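Coordinates as given in structure-v2.cif (mmCIF, C-alpha atoms):
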data_entry
#
loop_
_atom_site.group_PDB
_atom_site.id
_atom_site.type_symbol
_atom_site.label_atom_id
_atom_site.label_comp_id
_atom_site.auth_asym_id
_atom_site.auth_seq_id
_atom_site.Cartn_x
_atom_site.Cartn_y
_atom_site.Cartn_z
ATOM 1 C CA MET A 42 0.000 0.000 0.000
ATOM 2 C CA ILE A 43 2.790 2.419 0.951
ATOM 3 C CA GLN A 44 4.621 1.371 -2.221
ATOM 4 C CA ASP A 45 1.534 2.185 -4.330
ATOM 5 C CA ILE A 46 1.338 5.647 -2.738
ATOM 6 C CA ASN A 47 5.045 6.294 -3.447
ATOM 7 C CA GLN A 48 4.558 5.246 -7.086
ATOM 8 C CA ALA A 49 1.539 7.516 -7.418
ATOM 9 C CA ASP A 50 3.501 10.439 -5.938
ATOM 10 C CA ALA A 51 6.389 9.780 -8.333
ATOM 11 C CA GLN A 52 4.033 9.726 -11.290
ATOM 12 C CA LEU A 53 2.477 13.021 -10.224
ATOM 13 C CA ARG A 54 5.913 14.640 -10.083
ATOM 14 C CA GLU A 55 6.690 13.639 -13.700
ATOM 15 C CA HIS A 56 6.179 16.237 -16.421
ATOM 16 C CA PRO A 57 4.222 15.267 -19.485
ATOM 17 C CA ASP A 58 6.118 14.325 -22.673
ATOM 18 C CA PRO A 59 6.807 17.337 -24.908
ATOM 19 C CA HIS A 60 4.581 17.821 -27.936
ATOM 20 C CA GLU A 61 5.042 19.937 -31.026
ATOM 21 C CA SER A 62 1.441 21.041 -30.955
ATOM 22 C CA GLY A 63 0.015 22.374 -34.190
ATOM 23 C CA THR A 64 3.144 24.205 -35.443
ATOM 24 C CA PRO A 65 6.057 21.755 -35.594
ATOM 25 C CA VAL A 66 8.070 24.064 -37.920
ATOM 26 C CA PRO A 67 7.947 27.867 -37.651
ATOM 27 C CA ARG A 68 5.997 29.493 -40.455
ATOM 28 C CA THR A 69 8.878 31.793 -41.394
ATOM 29 C CA VAL A 70 11.115 28.783 -42.044
ATOM 30 C CA ILE A 71 8.447 27.196 -44.232
ATOM 31 C CA ALA A 72 8.075 30.462 -46.161
ATOM 32 C CA VAL A 73 11.832 30.853 -46.729
ATOM 33 C CA VAL A 74 12.231 27.248 -47.887
ATOM 34 C CA SER A 75 9.237 27.586 -50.202
ATOM 35 C CA LEU A 76 10.609 30.783 -51.751
ATOM 36 C CA ALA A 77 14.028 29.184 -52.256
ATOM 37 C CA LEU A 78 12.420 26.181 -53.918
ATOM 38 C CA LEU A 79 10.357 28.408 -56.234
ATOM 39 C CA TRP A 80 13.457 30.428 -57.137
ATOM 40 C CA ALA A 81 15.439 27.227 -57.901
ATOM 41 C CA VAL A 82 12.718 25.887 -60.182
ATOM 42 C CA GLY A 83 12.425 29.261 -61.943
ATOM 43 C CA TYR A 84 16.194 29.463 -62.369
ATOM 44 C CA ILE A 85 16.318 26.029 -63.999
ATOM 45 C CA PHE A 86 13.686 27.025 -66.551
ATOM 46 C CA MET A 87 15.309 30.397 -67.248
ATOM 47 C CA ALA A 88 18.856 28.935 -67.591
ATOM 48 C CA HIS A 89 18.033 27.106 -70.824
ATOM 49 C CA PRO A 90 19.491 23.746 -69.804
ATOM 50 C CA SER A 91 18.708 22.369 -73.259
ATOM 51 C CA ALA A 92 21.247 24.700 -74.948
ATOM 52 C CA ASP A 93 23.970 23.097 -77.056
ATOM 53 C CA PRO A 94 26.963 22.409 -74.719
ATOM 54 C CA SER A 95 29.400 22.795 -77.624
ATOM 55 C CA LEU A 96 28.649 26.535 -77.574
ATOM 56 C CA GLY A 97 30.808 26.967 -74.470
ATOM 57 C CA ASP A 98 33.822 29.226 -74.187
ATOM 58 C CA SER A 99 36.338 27.870 -76.679
ATOM 59 C CA ARG A 100 38.478 30.982 -77.053
ATOM 60 C CA THR A 101 42.246 30.512 -77.211
ATOM 61 C CA SER A 102 44.609 32.258 -74.815
ATOM 62 C CA LYS A 103 45.676 34.667 -77.600
ATOM 63 C CA GLU A 104 42.046 35.655 -78.191
ATOM 64 C CA LEU A 105 41.534 36.210 -74.461
ATOM 65 C CA MET A 106 44.678 38.355 -74.242
ATOM 66 C CA ALA A 107 43.542 40.475 -77.186
ATOM 67 C CA GLN A 108 40.073 40.947 -75.660
ATOM 68 C CA ALA A 109 41.601 41.943 -72.333
ATOM 69 C CA GLY A 110 43.333 44.822 -74.087
ATOM 70 C CA GLY A 111 46.803 43.399 -73.695
ATOM 71 C CA GLY A 112 47.236 42.793 -77.390
ATOM 72 C CA ALA A 113 48.414 39.531 -78.864
ATOM 73 C CA GLY A 114 51.360 38.151 -76.956
ATOM 74 C CA ALA A 115 51.192 40.610 -74.034
ATOM 75 C CA VAL A 116 51.906 38.817 -70.760
ATOM 76 C CA ASP A 117 51.307 40.171 -67.255
ATOM 77 C CA GLY A 118 54.453 39.518 -65.233
ATOM 78 C CA ALA A 119 52.849 40.757 -62.000
ATOM 79 C CA GLN A 120 50.035 38.227 -62.374
ATOM 80 C CA ILE A 121 52.511 35.386 -62.983
ATOM 81 C CA PHE A 122 54.564 36.513 -59.980
ATOM 82 C CA GLY A 123 51.448 36.493 -57.799
ATOM 83 C CA ALA A 124 50.441 33.027 -58.974
ATOM 84 C CA GLN A 125 53.844 31.322 -59.078
ATOM 85 C CA CYS A 126 56.352 33.169 -56.881
ATOM 86 C CA ALA A 127 54.651 35.176 -54.120
ATOM 87 C CA ALA A 128 53.879 32.147 -51.951
ATOM 88 C CA CYS A 129 57.590 31.725 -51.195
ATOM 89 C CA HIS A 130 59.151 35.105 -51.964
ATOM 90 C CA GLN A 131 56.146 37.042 -50.578
ATOM 91 C CA ALA A 132 54.162 39.758 -52.357
ATOM 92 C CA SER A 133 56.706 42.329 -51.183
ATOM 93 C CA GLY A 134 59.646 40.351 -52.586
ATOM 94 C CA SER A 135 61.193 40.223 -49.110
ATOM 95 C CA GLY A 136 61.144 36.423 -48.823
ATOM 96 C CA VAL A 137 60.994 34.624 -45.476
ATOM 97 C CA PRO A 138 64.149 35.073 -43.372
ATOM 98 C CA GLY A 139 66.142 31.857 -43.139
ATOM 99 C CA VAL A 140 63.709 29.973 -45.381
ATOM 100 C CA PHE A 141 63.081 31.704 -48.728
ATOM 101 C CA PRO A 142 65.547 34.286 -50.063
ATOM 102 C CA PRO A 143 64.477 37.848 -50.808
ATOM 103 C CA LEU A 144 64.189 39.119 -54.355
ATOM 104 C CA ALA A 145 64.457 42.735 -53.217
ATOM 105 C CA GLY A 146 68.078 43.784 -53.620
ATOM 106 C CA SER A 147 69.187 40.259 -54.560
ATOM 107 C CA GLU A 148 72.447 40.082 -56.491
ATOM 108 C CA TRP A 149 71.007 37.158 -58.450
ATOM 109 C CA VAL A 150 67.986 39.172 -59.567
ATOM 110 C CA ASN A 151 69.964 42.313 -60.342
ATOM 111 C CA GLY A 152 72.744 40.426 -62.161
ATOM 112 C CA LYS A 153 72.840 39.457 -65.820
ATOM 113 C CA ASP A 154 69.465 38.754 -67.372
ATOM 114 C CA SER A 155 70.746 35.379 -68.641
ATOM 115 C CA LEU A 156 71.581 34.385 -65.047
ATOM 116 C CA ALA A 157 68.083 35.188 -63.804
ATOM 117 C CA ALA A 158 66.579 33.398 -66.809
ATOM 118 C CA ASN A 159 68.637 30.271 -66.123
ATOM 119 C CA ILE A 160 67.505 30.240 -62.500
ATOM 120 C CA LEU A 161 63.854 30.271 -63.539
ATOM 121 C CA LEU A 162 64.366 27.769 -66.342
ATOM 122 C CA HIS A 163 66.095 25.080 -64.260
ATOM 123 C CA GLY A 164 65.571 25.942 -60.590
ATOM 124 C CA ILE A 165 68.057 25.706 -57.729
ATOM 125 C CA SER A 166 68.945 22.979 -55.250
ATOM 126 C CA GLY A 167 71.370 23.417 -52.386
ATOM 127 C CA LYS A 168 73.051 26.348 -50.655
ATOM 128 C CA LEU A 169 72.433 29.795 -52.134
ATOM 129 C CA THR A 170 73.830 32.976 -50.584
ATOM 130 C CA VAL A 171 71.682 36.077 -51.002
ATOM 131 C CA LYS A 172 72.757 39.435 -49.536
ATOM 132 C CA GLY A 173 75.274 37.655 -47.307
ATOM 133 C CA GLN A 174 72.819 35.144 -45.843
ATOM 134 C CA ALA A 175 72.932 31.455 -46.789
ATOM 135 C CA TYR A 176 69.701 29.695 -47.692
ATOM 136 C CA GLN A 177 69.455 25.926 -47.932
ATOM 137 C CA GLY A 178 66.553 24.648 -49.961
ATOM 138 C CA ALA A 179 65.152 24.130 -53.408
ATOM 139 C CA MET A 180 63.467 26.302 -55.999
ATOM 140 C CA PRO A 181 61.398 24.534 -58.656
ATOM 141 C CA ALA A 182 62.188 24.782 -62.346
ATOM 142 C CA PHE A 183 59.702 26.732 -64.462
ATOM 143 C CA GLY A 184 61.165 25.892 -67.881
ATOM 144 C CA ASP A 185 58.496 23.293 -68.630
ATOM 145 C CA LYS A 186 55.723 25.287 -67.007
ATOM 146 C CA LEU A 187 56.197 28.788 -68.430
ATOM 147 C CA SER A 188 56.914 29.985 -71.953
ATOM 148 C CA ASP A 189 59.842 32.243 -72.856
ATOM 149 C CA ALA A 190 57.467 35.221 -72.974
ATOM 150 C CA GLN A 191 56.058 34.405 -69.524
ATOM 151 C CA ILE A 192 59.519 33.980 -67.985
ATOM 152 C CA ALA A 193 60.638 37.269 -69.566
ATOM 153 C CA ALA A 194 57.536 39.007 -68.193
ATOM 154 C CA VAL A 195 57.935 37.753 -64.625
ATOM 155 C CA LEU A 196 61.675 38.524 -64.650
ATOM 156 C CA SER A 197 60.972 42.024 -65.957
ATOM 157 C CA HIS A 198 58.469 42.501 -63.151
ATOM 158 C CA VAL A 199 60.854 41.298 -60.433
ATOM 159 C CA ARG A 200 63.846 43.235 -61.790
ATOM 160 C CA THR A 201 61.889 46.514 -61.842
ATOM 161 C CA GLN A 202 60.003 46.129 -58.534
ATOM 162 C CA PHE A 203 60.895 45.833 -54.827
ATOM 163 C CA GLY A 204 63.581 48.507 -55.160
ATOM 164 C CA ASN A 205 65.366 46.631 -57.960
ATOM 165 C CA SER A 206 66.454 48.599 -61.009
ATOM 166 C CA ALA A 207 68.096 45.963 -63.210
ATOM 167 C CA GLY A 208 65.783 46.559 -66.153
ATOM 168 C CA LYS A 209 63.495 44.438 -68.224
ATOM 169 C CA VAL A 210 64.284 41.079 -69.815
ATOM 170 C CA ASP A 211 63.178 40.371 -73.357
ATOM 171 C CA GLU A 212 61.874 37.097 -74.684
ATOM 172 C CA ALA A 213 64.923 36.635 -76.936
ATOM 173 C CA ALA A 214 67.249 36.563 -73.907
ATOM 174 C CA VAL A 215 65.170 33.832 -72.273
ATOM 175 C CA LYS A 216 65.048 31.890 -75.532
ATOM 176 C CA ALA A 217 68.842 32.112 -75.842
ATOM 177 C CA ALA A 218 69.291 30.917 -72.232
ATOM 178 C CA ARG A 219 66.909 28.028 -72.833
ATOM 179 C CA GLU A 220 68.733 27.056 -76.023
ATOM 180 C CA SER A 221 72.199 27.217 -74.433
ATOM 181 C CA THR A 222 71.145 24.879 -71.576
ATOM 182 C CA LYS A 223 68.649 22.663 -73.389
ATOM 183 C CA GLY A 224 70.470 19.474 -72.383
ATOM 184 C CA ARG A 225 70.241 20.268 -68.663
ATOM 185 C CA THR A 226 67.813 18.078 -66.700
ATOM 186 C CA THR A 227 68.775 18.935 -63.116
ATOM 187 C CA PRO A 228 68.542 22.158 -61.081
ATOM 188 C CA TRP A 229 71.566 24.389 -60.523
ATOM 189 C CA THR A 230 73.451 23.421 -57.364
ATOM 190 C CA GLY A 231 73.241 26.812 -55.717
ATOM 191 C CA ASP A 232 76.308 29.017 -55.304
ATOM 192 C CA ASP A 233 78.679 26.429 -56.756
ATOM 193 C CA GLU A 234 77.281 26.427 -60.292
ATOM 194 C CA LEU A 235 75.510 29.756 -60.455
ATOM 195 C CA ALA A 236 78.663 31.715 -59.569
ATOM 196 C CA LYS A 237 80.118 30.540 -62.898
ATOM 197 C CA LEU A 238 77.187 32.138 -64.767
ATOM 198 C CA LYS A 239 77.718 35.581 -63.203
#
Could you write out this structure as structure tokens?
Amino acid sequence: MIQDINQADAQLREHPDPHESGTPVPRTVIAVVSLALLWAVGYIFMAHPSADPSLGDSRTSKELMAQAGGGAGAVDGAQIFGAQCAACHQASGSGVPGVFPPLAGSEWVNGKDSLAANILLHGISGKLTVKGQAYQGAMPAFGDKLSDAQIAAVLSHVRTQFGNSAGKVDEAAVKAARESTKGRTTPWTGDDELAKLK
């Protein structure tokens, strides 16, 4: 009997199970979802999904350059630098102390244009001294990745920015450097080999 009373008291203390009542989802949420669904359906019908896929953008890079106002063959060295070089050498050309050498004031950048071209064409592996500080690492080769015009453009950018005043590099100089080292398949071994090209 006492046990039945204790059970009845315990049951009276329990709260009823929660219910969602008549509005399980707020009306504003239903309205937003409905509008998004209507927009998506309308977008599909307005996008002409039955259009011929062969009518896509099939312009060549020369056509794109001409339309951008750069003229045929114009290459943006700053854009190439931002895409290929800035991750290591930084947007300011200051490099990362002890890790990546600076381009600003570098004797390698401000040296002969053929030297700078060879560095980009074949890369560097091993110790390289820049402005009196030794860097141990590797720089990738861009000879297979960039054309002569692109290498000339990025070198011209680097040699005329960051306080450098070495002057521009023309495509012919890069082509000559590529031709003179066409048999090379390995990167330059830092100071040891590059000093001979100075």
Problem set entry | Residue contacts of segment 202-215 of chain A (9 Å, only C-alpha atoms) excluding same-chain residues fewer than 6 positions away, as a PyMOL selection string | chain A and resi 133-135+144-147+150-155+158-159+162+189-196
Exercise. So what do you get for atom CA of Lys186 of chain A versus atom CA of Ile121 of chain A, distance-wise?
Worked result: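 These atoms are spaced 11.3 Å apart.
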For this session: Could you give me, as a list in words, the residues that sit within 6 Å of (64.7, 21.6, -61.9) in the file's coordinates, counting all atoms listed in the file?
Result: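 Using all atoms listed in the file, the matching residues come out as His163, Gly164, Pro181, Ala182, Thr227 and Pro228 of chain A.
Remark: for Ala124 of chain A, the closest of the candidate residues A:Leu187, A:Ile71, A:Glu55, A:Trp149 is A:Leu187 (distances computed over only C-alpha atoms).
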Problem set entry | atom CA of Gln120 of chain A to atom CA of Pro143 of chain A, distance in Å rounded to a single decimal | 18.5 Å
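Separating atom CA of Arg200 of chain A from atom CA of Ala175 of chain A is a distance of 21.1 Å.
Distance check against Lys172 of chain A using all atoms listed in the file: of A:Lys223, A:Ser75, A:Pro138, A:Val116, the minimum falls on A:Pro138.
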Exercise. When distances are computed from all atoms listed in the file, which of A:Gly83, A:Gly139, A:Gln131, A:Pro57 shows the smallest separation from Gln177 of chain A?
Worked result: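 Among the listed residues, the smallest separation from Gln177 of chain A belongs to A:Gly139.
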Problem set entry | Gly178 of chain A environment, 7 Å, all atoms listed in the file, sequence neighbours closer than 6 positions dropped, as a PyMOL selection string | chain A and resi 166-168
Now that the selection is made, can you save its residues with C-alpha atoms as a CSV table (one decimal), keeping the file's coordinate frame?
chain,number,residue,atom,x,y,z
A,166,SER,CA,68.9,23.0,-55.2
A,167,GLY,CA,71.4,23.4,-52.4
A,168,LYS,CA,73.1,26.3,-50.7
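Each of A:Val171, A:Leu76, A:Leu156, A:Ile165 was compared to Lys237 of chain A using only C-alpha atoms, and A:Leu156 turns out to be the nearest.
Nearest to Leu169 of chain A of all the residues A:Gly123, A:Gly184, A:Pro142, A:Pro65 is A:Pro142, based on all atoms listed in the file.
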